[in-house]
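Student: Structure: final_16.pdb, PDB, C-alpha atoms, pLDDT in the B column.
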ATOM      1  CA  LEU X   1     178.745  27.718 -65.002  1.00 28.00           C
ATOM      2  CA  MET X   2     177.652  27.664 -68.659  1.00 30.00           C
ATOM      3  CA  ARG X   3     175.263  24.789 -67.899  1.00 30.00           C
ATOM      4  CA  ALA X   4     173.743  26.801 -65.075  1.00 29.00           C
ATOM      5  CA  ILE X   5     173.149  29.940 -67.113  1.00 28.00           C
ATOM      6  CA  CYS X   6     172.243  28.368 -70.460  1.00 30.00           C
ATOM      7  CA  GLY X   7     168.672  29.194 -71.360  1.00 33.00           C
ATOM      8  CA  ARG X   8     168.591  32.378 -69.261  1.00 32.00           C
ATOM      9  CA  PRO X   9     169.341  36.005 -70.128  1.00 33.00           C
ATOM     10  CA  LEU X  10     173.063  36.418 -69.607  1.00 32.00           C
ATOM     11  CA  ALA X  11     174.998  39.499 -68.523  1.00 35.00           C
ATOM     12  CA  MET X  12     178.754  39.705 -68.149  1.00 33.00           C
ATOM     13  CA  ARG X  13     181.238  42.452 -67.457  1.00 34.00           C
ATOM     14  CA  VAL X  14     184.695  42.316 -68.980  1.00 36.00           C
ATOM     15  CA  GLY X  15     187.224  44.812 -70.276  1.00 37.00           C
ATOM     16  CA  THR X  16     186.838  46.042 -73.819  1.00 37.00           C
ATOM     17  CA  LEU X  17     188.656  48.285 -76.278  1.00 38.00           C
ATOM     18  CA  GLU X  18     192.389  47.768 -76.657  1.00 45.00           C
ATOM     19  CA  ASN X  19     194.183  46.057 -73.760  1.00 44.00           C
ATOM     20  CA  LEU X  20     191.089  44.475 -72.227  1.00 37.00           C
ATOM     21  CA  HIS X  21     192.512  44.118 -68.730  1.00 38.00           C
ATOM     22  CA  ARG X  22     193.257  47.850 -68.402  1.00 38.00           C
ATOM     23  CA  SER X  23     189.925  49.253 -69.552  1.00 39.00           C
ATOM     24  CA  SER X  24     186.992  50.306 -67.388  1.00 40.00           C
ATOM     25  CA  HIS X  25     184.501  49.772 -70.204  1.00 44.00           C
ATOM     26  CA  SER X  26     182.165  46.787 -70.253  1.00 46.00           C
ATOM     27  CA  TRP X  27     179.988  44.764 -72.553  1.00 46.00           C
ATOM     28  CA  THR X  28     176.669  43.178 -71.843  1.00 46.00           C
ATOM     29  CA  VAL X  29     175.048  40.300 -73.686  1.00 45.00           C
ATOM     30  CA  ARG X  30     171.584  41.282 -74.875  1.00 44.00           C
ATOM     31  CA  ALA X  31     168.794  39.884 -72.699  1.00 38.00           C
ATOM     32  CA  GLY X  32     167.112  36.895 -74.272  1.00 37.00           C
ATOM     33  CA  TRP X  33     170.244  35.610 -76.000  1.00 39.00           C
ATOM     34  CA  ALA X  34     169.852  32.082 -74.808  1.00 39.00           C
ATOM     35  CA  CYS X  35     173.361  30.818 -74.119  1.00 43.00           C
ATOM     36  CA  GLY X  36     176.652  32.716 -73.985  1.00 44.00           C
ATOM     37  CA  ALA X  37     178.504  29.630 -75.194  1.00 41.00           C
ATOM     38  CA  ARG X  38     177.291  30.342 -78.736  1.00 57.00           C
ATOM     39  CA  ARG X  39     179.733  33.176 -79.174  1.00 59.00           C
ATOM     40  CA  SER X  40     182.702  31.760 -81.006  1.00 65.00           C
ATOM     41  CA  PHE X  41     185.421  33.650 -79.146  1.00 69.00           C
ATOM     42  CA  HIS X  42     184.598  32.502 -75.621  1.00 77.00           C
ATOM     43  CA  PHE X  43     187.442  31.122 -73.524  1.00 81.00           C
ATOM     44  CA  GLY X  44     188.347  27.601 -74.571  1.00 81.00           C
ATOM     45  CA  THR X  45     186.709  27.706 -77.997  1.00 82.00           C
ATOM     46  CA  PRO X  46     188.670  26.999 -81.211  1.00 83.00           C
ATOM     47  CA  ALA X  47     188.378  30.665 -82.190  1.00 81.00           C
ATOM     48  CA  TYR X  48     189.792  31.716 -78.827  1.00 84.00           C
ATOM     49  CA  HIS X  49     192.726  29.334 -79.223  1.00 86.00           C
ATOM     50  CA  ALA X  50     193.270  30.643 -82.768  1.00 86.00           C
ATOM     51  CA  SER X  51     193.588  34.189 -81.432  1.00 87.00           C
ATOM     52  CA  LEU X  52     196.779  33.153 -79.598  1.00 89.00           C
ATOM     53  CA  ARG X  53     198.645  32.528 -82.847  1.00 89.00           C
ATOM     54  CA  PRO X  54     200.719  33.616 -84.594  1.00 92.00           C
ATOM     55  CA  VAL X  55     202.979  35.142 -81.966  1.00 90.00           C
ATOM     56  CA  PRO X  56     204.679  38.275 -83.339  1.00 91.00           C
ATOM     57  CA  GLU X  57     208.436  38.135 -83.724  1.00 93.00           C
ATOM     58  CA  VAL X  58     209.998  40.939 -81.696  1.00 94.00           C
ATOM     59  CA  ASN X  59     213.487  42.221 -82.457  1.00 95.00           C
ATOM     60  CA  THR X  60     214.782  42.240 -78.884  1.00 95.00           C
ATOM     61  CA  LYS X  61     218.330  42.899 -80.094  1.00 96.00           C
ATOM     62  CA  ALA X  62     217.205  46.207 -81.585  1.00 96.00           C
ATOM     63  CA  LEU X  63     215.311  47.051 -78.390  1.00 96.00           C
ATOM     64  CA  ARG X  64     218.437  46.458 -76.276  1.00 96.00           C
ATOM     65  CA  GLU X  65     220.604  48.504 -78.599  1.00 97.00           C
ATOM     66  CA  SER X  66     218.138  51.377 -78.571  1.00 96.00           C
ATOM     67  CA  ALA X  67     217.820  51.240 -74.783  1.00 96.00           C
ATOM     68  CA  LEU X  68     221.597  51.247 -74.342  1.00 96.00           C
ATOM     69  CA  PHE X  69     221.891  54.197 -76.717  1.00 97.00           C
ATOM     70  CA  HIS X  70     219.413  56.223 -74.663  1.00 96.00           C
ATOM     71  CA  LEU X  71     221.113  55.239 -71.419  1.00 95.00           C
ATOM     72  CA  LYS X  72     224.526  56.318 -72.715  1.00 96.00           C
ATOM     73  CA  THR X  73     223.269  59.604 -74.173  1.00 96.00           C
ATOM     74  CA  PHE X  74     220.917  60.468 -71.318  1.00 95.00           C
ATOM     75  CA  GLU X  75     221.446  63.949 -69.859  1.00 95.00           C
ATOM     76  CA  PRO X  76     220.253  64.010 -66.212  1.00 94.00           C
ATOM     77  CA  LYS X  77     219.777  67.783 -66.378  1.00 95.00           C
ATOM     78  CA  THR X  78     216.874  67.208 -68.780  1.00 94.00           C
ATOM     79  CA  TRP X  79     214.559  65.992 -66.012  1.00 95.00           C
ATOM     80  CA  PHE X  80     215.188  69.243 -64.143  1.00 96.00           C
ATOM     81  CA  ASP X  81     214.953  71.570 -67.149  1.00 96.00           C
ATOM     82  CA  LYS X  82     211.756  69.900 -68.415  1.00 94.00           C
ATOM     83  CA  PRO X  83     209.733  69.014 -65.302  1.00 96.00           C
ATOM     84  CA  VAL X  84     206.726  66.711 -65.341  1.00 95.00           C
ATOM     85  CA  VAL X  85     203.586  68.795 -65.950  1.00 95.00           C
ATOM     86  CA  SER X  86     199.883  68.369 -66.610  1.00 95.00           C
ATOM     87  CA  ILE X  87     198.690  68.947 -70.173  1.00 95.00           C
ATOM     88  CA  LEU X  88     195.225  70.248 -71.087  1.00 94.00           C
ATOM     89  CA  ASP X  89     194.024  70.747 -74.665  1.00 90.00           C
ATOM     90  CA  GLY X  90     197.613  70.307 -75.849  1.00 91.00           C
ATOM     91  CA  LYS X  91     198.925  73.066 -73.557  1.00 94.00           C
ATOM     92  CA  ARG X  92     201.414  72.568 -70.733  1.00 95.00           C
ATOM     93  CA  LEU X  93     200.146  73.887 -67.391  1.00 95.00           C
ATOM     94  CA  LEU X  94     203.102  75.772 -65.945  1.00 95.00           C
ATOM     95  CA  LYS X  95     201.757  77.853 -63.037  1.00 95.00           C
ATOM     96  CA  GLY X  96     202.037  75.185 -60.355  1.00 95.00           C
ATOM     97  CA  LYS X  97     204.489  74.763 -57.507  1.00 96.00           C
ATOM     98  CA  ARG X  98     207.790  73.153 -58.472  1.00 97.00           C
ATOM     99  CA  VAL X  99     208.774  70.108 -56.402  1.00 97.00           C
ATOM    100  CA  GLU X 100     211.529  67.522 -56.624  1.00 97.00           C
ATOM    101  CA  THR X 101     211.072  63.982 -57.921  1.00 95.00           C
ATOM    102  CA  VAL X 102     213.043  61.007 -56.615  1.00 93.00           C
ATOM    103  CA  ASP X 103     214.140  57.658 -58.022  1.00 91.00           C
ATOM    104  CA  ALA X 104     213.476  54.211 -56.550  1.00 87.00           C
ATOM    105  CA  PHE X 105     216.132  54.825 -53.865  1.00 90.00           C
ATOM    106  CA  GLY X 106     214.886  58.240 -52.791  1.00 91.00           C
ATOM    107  CA  ARG X 107     217.555  60.191 -54.681  1.00 93.00           C
ATOM    108  CA  VAL X 108     216.465  63.446 -56.307  1.00 95.00           C
ATOM    109  CA  ASN X 109     216.399  62.947 -60.066  1.00 94.00           C
ATOM    110  CA  GLY X 110     214.262  65.733 -61.485  1.00 96.00           C
ATOM    111  CA  ALA X 111     211.301  68.025 -60.933  1.00 97.00           C
ATOM    112  CA  GLN X 112     207.586  68.346 -61.530  1.00 97.00           C
ATOM    113  CA  LEU X 113     205.009  71.120 -61.358  1.00 97.00           C
ATOM    114  CA  LEU X 114     201.980  70.471 -59.154  1.00 96.00           C
ATOM    115  CA  ALA X 115     198.822  71.842 -60.749  1.00 94.00           C
ATOM    116  CA  THR X 116     197.293  74.914 -59.115  1.00 96.00           C
ATOM    117  CA  GLU X 117     193.715  74.858 -57.845  1.00 96.00           C
ATOM    118  CA  GLU X 118     192.689  76.794 -60.964  1.00 96.00           C
ATOM    119  CA  GLU X 119     194.456  74.322 -63.254  1.00 96.00           C
ATOM    120  CA  LEU X 120     192.970  71.365 -61.399  1.00 95.00           C
ATOM    121  CA  GLU X 121     189.464  72.795 -61.727  1.00 96.00           C
ATOM    122  CA  ALA X 122     190.053  73.275 -65.461  1.00 96.00           C
ATOM    123  CA  ILE X 123     191.120  69.640 -65.812  1.00 95.00           C
ATOM    124  CA  ILE X 124     188.039  68.434 -63.905  1.00 96.00           C
ATOM    125  CA  LYS X 125     185.766  70.698 -65.954  1.00 95.00           C
ATOM    126  CA  HIS X 126     187.243  69.342 -69.172  1.00 93.00           C
ATOM    127  CA  THR X 127     186.805  65.749 -68.006  1.00 90.00           C
ATOM    128  CA  VAL X 128     183.154  66.312 -67.073  1.00 91.00           C
ATOM    129  CA  GLU X 129     182.108  68.431 -70.054  1.00 90.00           C
ATOM    130  CA  VAL X 130     184.141  66.975 -72.925  1.00 83.00           C
ATOM    131  CA  GLU X 131     181.926  65.933 -75.811  1.00 82.00           C
ATOM    132  CA  PRO X 132     182.331  62.346 -77.008  1.00 78.00           C
ATOM    133  CA  TRP X 133     183.426  61.760 -80.575  1.00 77.00           C
ATOM    134  CA  PRO X 134     180.563  60.847 -82.922  1.00 79.00           C
ATOM    135  CA  PHE X 135     182.034  57.444 -83.775  1.00 80.00           C
ATOM    136  CA  LYS X 136     182.636  54.416 -81.586  1.00 84.00           C
ATOM    137  CA  ASP X 137     185.394  52.463 -83.306  1.00 88.00           C
ATOM    138  CA  TRP X 138     188.741  53.677 -81.966  1.00 89.00           C
ATOM    139  CA  ARG X 139     190.761  50.590 -82.876  1.00 93.00           C
ATOM    140  CA  GLN X 140     192.775  52.226 -85.652  1.00 93.00           C
ATOM    141  CA  GLN X 141     193.732  55.278 -83.576  1.00 93.00           C
ATOM    142  CA  VAL X 142     194.599  53.328 -80.432  1.00 93.00           C
ATOM    143  CA  ARG X 143     196.654  50.791 -82.363  1.00 94.00           C
ATOM    144  CA  ALA X 144     198.558  53.548 -84.145  1.00 95.00           C
ATOM    145  CA  MET X 145     199.487  55.086 -80.788  1.00 94.00           C
ATOM    146  CA  GLU X 146     200.515  51.709 -79.374  1.00 93.00           C
ATOM    147  CA  THR X 147     202.639  50.984 -82.419  1.00 91.00           C
ATOM    148  CA  GLU X 148     204.447  54.309 -82.177  1.00 93.00           C
ATOM    149  CA  LEU X 149     204.997  54.037 -78.419  1.00 93.00           C
ATOM    150  CA  LEU X 150     206.270  50.454 -78.532  1.00 92.00           C
ATOM    151  CA  SER X 151     208.511  50.948 -81.576  1.00 91.00           C
ATOM    152  CA  ASP X 152     209.770  54.506 -82.110  1.00 92.00           C
ATOM    153  CA  HIS X 153     209.918  55.279 -78.370  1.00 95.00           C
ATOM    154  CA  ALA X 154     210.521  51.807 -76.932  1.00 96.00           C
ATOM    155  CA  GLY X 155     214.245  52.300 -76.333  1.00 95.00           C
ATOM    156  CA  ALA X 156     213.706  55.584 -74.508  1.00 95.00           C
ATOM    157  CA  LEU X 157     210.885  54.053 -72.463  1.00 95.00           C
ATOM    158  CA  ILE X 158     213.063  51.136 -71.362  1.00 96.00           C
ATOM    159  CA  ALA X 159     215.946  53.460 -70.487  1.00 95.00           C
ATOM    160  CA  ASN X 160     213.758  55.917 -68.576  1.00 93.00           C
ATOM    161  CA  GLN X 161     212.185  53.136 -66.517  1.00 93.00           C
ATOM    162  CA  ALA X 162     215.599  51.760 -65.636  1.00 93.00           C
ATOM    163  CA  LEU X 163     216.852  55.207 -64.640  1.00 91.00           C
ATOM    164  CA  ASP X 164     213.733  56.293 -62.781  1.00 90.00           C
ATOM    165  CA  PHE X 165     212.786  53.260 -60.703  1.00 88.00           C
ATOM    166  CA  GLY X 166     215.321  50.549 -61.429  1.00 86.00           C
ATOM    167  CA  LYS X 167     213.283  48.541 -63.944  1.00 86.00           C
ATOM    168  CA  GLN X 168     215.296  45.365 -64.425  1.00 85.00           C
ATOM    169  CA  ASP X 169     214.030  43.965 -67.712  1.00 89.00           C
ATOM    170  CA  GLY X 170     212.150  46.505 -69.768  1.00 93.00           C
ATOM    171  CA  VAL X 171     213.091  44.679 -72.964  1.00 95.00           C
ATOM    172  CA  THR X 172     211.076  41.603 -71.984  1.00 94.00           C
ATOM    173  CA  GLU X 173     208.187  43.823 -70.912  1.00 94.00           C
ATOM    174  CA  ILE X 174     208.035  45.502 -74.333  1.00 95.00           C
ATOM    175  CA  GLU X 175     208.331  42.120 -76.056  1.00 96.00           C
ATOM    176  CA  GLU X 176     205.476  40.660 -74.021  1.00 95.00           C
ATOM    177  CA  SER X 177     203.347  43.778 -74.526  1.00 94.00           C
ATOM    178  CA  LEU X 178     203.681  43.523 -78.298  1.00 94.00           C
ATOM    179  CA  GLN X 179     202.768  39.844 -78.202  1.00 95.00           C
ATOM    180  CA  ALA X 180     199.828  40.336 -75.837  1.00 94.00           C
ATOM    181  CA  ASN X 181     198.526  43.266 -77.881  1.00 93.00           C
ATOM    182  CA  ALA X 182     198.285  41.042 -80.953  1.00 94.00           C
ATOM    183  CA  VAL X 183     196.038  38.608 -79.064  1.00 93.00           C
ATOM    184  CA  GLU X 184     193.939  41.357 -77.510  1.00 93.00           C
ATOM    185  CA  ARG X 185     193.416  42.996 -80.882  1.00 94.00           C
ATOM    186  CA  ARG X 186     192.106  39.776 -82.408  1.00 93.00           C
ATOM    187  CA  LEU X 187     189.698  39.270 -79.511  1.00 91.00           C
ATOM    188  CA  ASN X 188     188.578  42.897 -79.690  1.00 91.00           C
ATOM    189  CA  ASP X 189     187.917  42.508 -83.389  1.00 92.00           C
ATOM    190  CA  GLU X 190     185.681  39.540 -82.571  1.00 89.00           C
ATOM    191  CA  LEU X 191     183.889  41.526 -79.873  1.00 88.00           C
ATOM    192  CA  PHE X 192     183.370  44.536 -82.142  1.00 90.00           C
ATOM    193  CA  ALA X 193     181.996  42.277 -84.871  1.00 90.00           C
ATOM    194  CA  ALA X 194     179.568  40.758 -82.356  1.00 88.00           C
ATOM    195  CA  GLU X 195     178.382  44.261 -81.457  1.00 89.00           C
ATOM    196  CA  GLU X 196     177.891  45.102 -85.118  1.00 90.00           C
ATOM    197  CA  ARG X 197     175.727  41.995 -85.469  1.00 88.00           C
ATOM    198  CA  GLY X 198     173.612  43.123 -82.526  1.00 88.00           C
ATOM    199  CA  GLU X 199     174.687  40.286 -80.243  1.00 85.00           C
ATOM    200  CA  VAL X 200     176.186  42.464 -77.513  1.00 84.00           C
ATOM    201  CA  TYR X 201     175.790  46.023 -76.330  1.00 83.00           C
ATOM    202  CA  ILE X 202     178.875  48.004 -75.281  1.00 81.00           C
ATOM    203  CA  PRO X 203     178.109  51.154 -73.259  1.00 79.00           C
ATOM    204  CA  ARG X 204     180.576  53.956 -73.914  1.00 73.00           C
TER
END
Hey, can you dump this file as structure tokens for me?
Tutor:
Amino acid sequence: LMRAICGRPLAMRVGTLENLHRSSHSWTVRAGWACGARRSFHFGTPAYHASLRPVPEVNTKALRESALFHLKTFEPKTWFDKPVVSILDGKRLLKGKRVETVDAFGRVNGAQLLATEEELEAIIKHTVEVEPWPFKDWRQQVRAMETELLSDHAGALIANQALDFGKQDGVTEIEESLQANAVERRLNDELFAAEERGEVYIPR
């Protein structure tokens, strides 16, 4: 493939920002950049291999203990008293119809509020009209959120998944997420640096 495209303008589409595989964003190599193989972080290059190490050490014992604590102290009534709701501009939308939620086996385990037509229109309006932030580098903010979610709230997340839909091994999932995030962050740093050098253009 690289032999076929070398010497021609090259355009690719891949995920970008944190967690590449989950993002809808893309990057495009600038036309006229002769061969994509020049970029040091391409698959199979030494820099790409280097991004796989070191693998973060994850304290799975602490994750299990935290998950067990949340399972033992979980109050089922909570999921009825605090139903799932939509949030807009930091405000909970509470006018919708209340319906039951069920677990993986169809048993009622809580409630949620379905947004009204008015609330739904407000959400759509916000999505369409929201002004983008004046800066493009969100790595610090996204990584801070990931760190908080996968550390301070990891035990509760594992417990809730087990209770809600029978997740069998949330501990391993959190461990693998932390390890994969480290790799993705290194690759994203390389991609961002390439953009800063003018080698790629990332539409946002």
Student: Mind giving me the straight-line distance from atom CA of X:Thr78 to atom CA of X:Phe165 in Å, one decimal?
Tutor: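 Computing the Euclidean distance for atom CA of X:Thr78 and atom CA of X:Phe165 yields 16.6 Å.
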Student: One decimal, Å: what's the distance from atom CA of X:Asn109 over to atom CA of X:Pro76, could you say?
Tutor: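 About the pair atom CA of X:Asn109 and atom CA of X:Pro76: they are 7.3 Å apart.
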Student: For a quick check of understanding, using all atoms listed in the file, which of X:Thr73, X:Phe43, X:Trp138, X:Ile174 has the smallest distance to X:His153?
Tutor: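 When distances to X:His153 are compared using all atoms listed in the file, the smallest one comes from X:Ile174.
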Student: Translate the PyMOL selection byres ((chain X and resi 80) around 9) into a concrete residue list for this structure, as a PyMOL selection string.
Tutor: chain X and resi 76-79+81-84+100+109-112
Student: Evaluating the PyMOL selection byres ((chain X and resi 136) around 12) on the displayed file yields which residues, as a PDB file with C-alpha atoms, in the coordinates of the input?
Tutor:
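New file expr.pdb:
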ATOM      1  CA  LEU X  17     188.656  48.285 -76.278  1.00 38.00           C
ATOM      2  CA  PRO X 132     182.331  62.346 -77.008  1.00 78.00           C
ATOM      3  CA  TRP X 133     183.426  61.760 -80.575  1.00 77.00           C
ATOM      4  CA  PRO X 134     180.563  60.847 -82.922  1.00 79.00           C
ATOM      5  CA  PHE X 135     182.034  57.444 -83.775  1.00 80.00           C
ATOM      6  CA  ASP X 137     185.394  52.463 -83.306  1.00 88.00           C
ATOM      7  CA  TRP X 138     188.741  53.677 -81.966  1.00 89.00           C
ATOM      8  CA  ARG X 139     190.761  50.590 -82.876  1.00 93.00           C
ATOM      9  CA  GLN X 140     192.775  52.226 -85.652  1.00 93.00           C
ATOM     10  CA  GLN X 141     193.732  55.278 -83.576  1.00 93.00           C
ATOM     11  CA  PHE X 192     183.370  44.536 -82.142  1.00 90.00           C
ATOM     12  CA  GLU X 195     178.382  44.261 -81.457  1.00 89.00           C
ATOM     13  CA  GLU X 196     177.891  45.102 -85.118  1.00 90.00           C
ATOM     14  CA  ILE X 202     178.875  48.004 -75.281  1.00 81.00           C
ATOM     15  CA  PRO X 203     178.109  51.154 -73.259  1.00 79.00           C
ATOM     16  CA  ARG X 204     180.576  53.956 -73.914  1.00 73.00           C
TER      17      ARG X 204
END
Student: Pick the closest to X:His49 from X:Val200, X:Leu187, X:Val130, X:Leu149: which is it, counting all atoms listed in the file?
Tutor: X:Leu187
Student: Which of these residues is nearest to X:Thr60, using only C-alpha atoms: X:Asn160, X:Asn188, X:Ser177, X:Thr172?
Tutor: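 Residue with the minimum atom-to-atom distance to X:Thr60: X:Thr172.
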Student: Which distance in Å separates atom CA of X:Asn59 and atom CA of X:Asp164, to one decimal?
Tutor: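 According to the coordinates, atom CA of X:Asn59 and atom CA of X:Asp164 are separated by 24.2 Å.
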Student: Would you mind telling me which residue in X:Ala122, X:Val55, X:Ala159, X:Lys91 lies nearest to X:Lys72 when using all atoms listed in the file?
Tutor: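 Smallest separation from X:Lys72 among the options: X:Ala159.
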Student: Measuring between all atoms listed in the file, which one of X:Val108, X:Val142, X:Lys61, X:Ile123 shows the shortest distance to X:Ser86?
Tutor: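 Looking at the shortest contact to X:Ser86, the residue is X:Ile123.
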Student: Could you state which residues are captured by the PyMOL selection byres ((chain X and resi 119) around 9) in this file, as a PyMOL selection string?
Tutor: chain X and resi 86+88+93+95-96+115-118+120-124
Student: Considering all atoms listed in the file, state which residue in the set X:Val171, X:Leu68, X:Leu163, X:Val85 is at the smallest distance from X:Phe105.
Tutor: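 Ranking X:Val171, X:Leu68, X:Leu163, X:Val85 by distance to X:Phe105, first place goes to X:Leu163.
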Student: At a cut-off of 9 Å from (190.0, 38.8, -77.3) in the coordinates of the file, what residues are picked up using all atoms listed in the file, written as a ChimeraX atom specification?
Tutor: /X:16,20,41-43,48,51,183-191
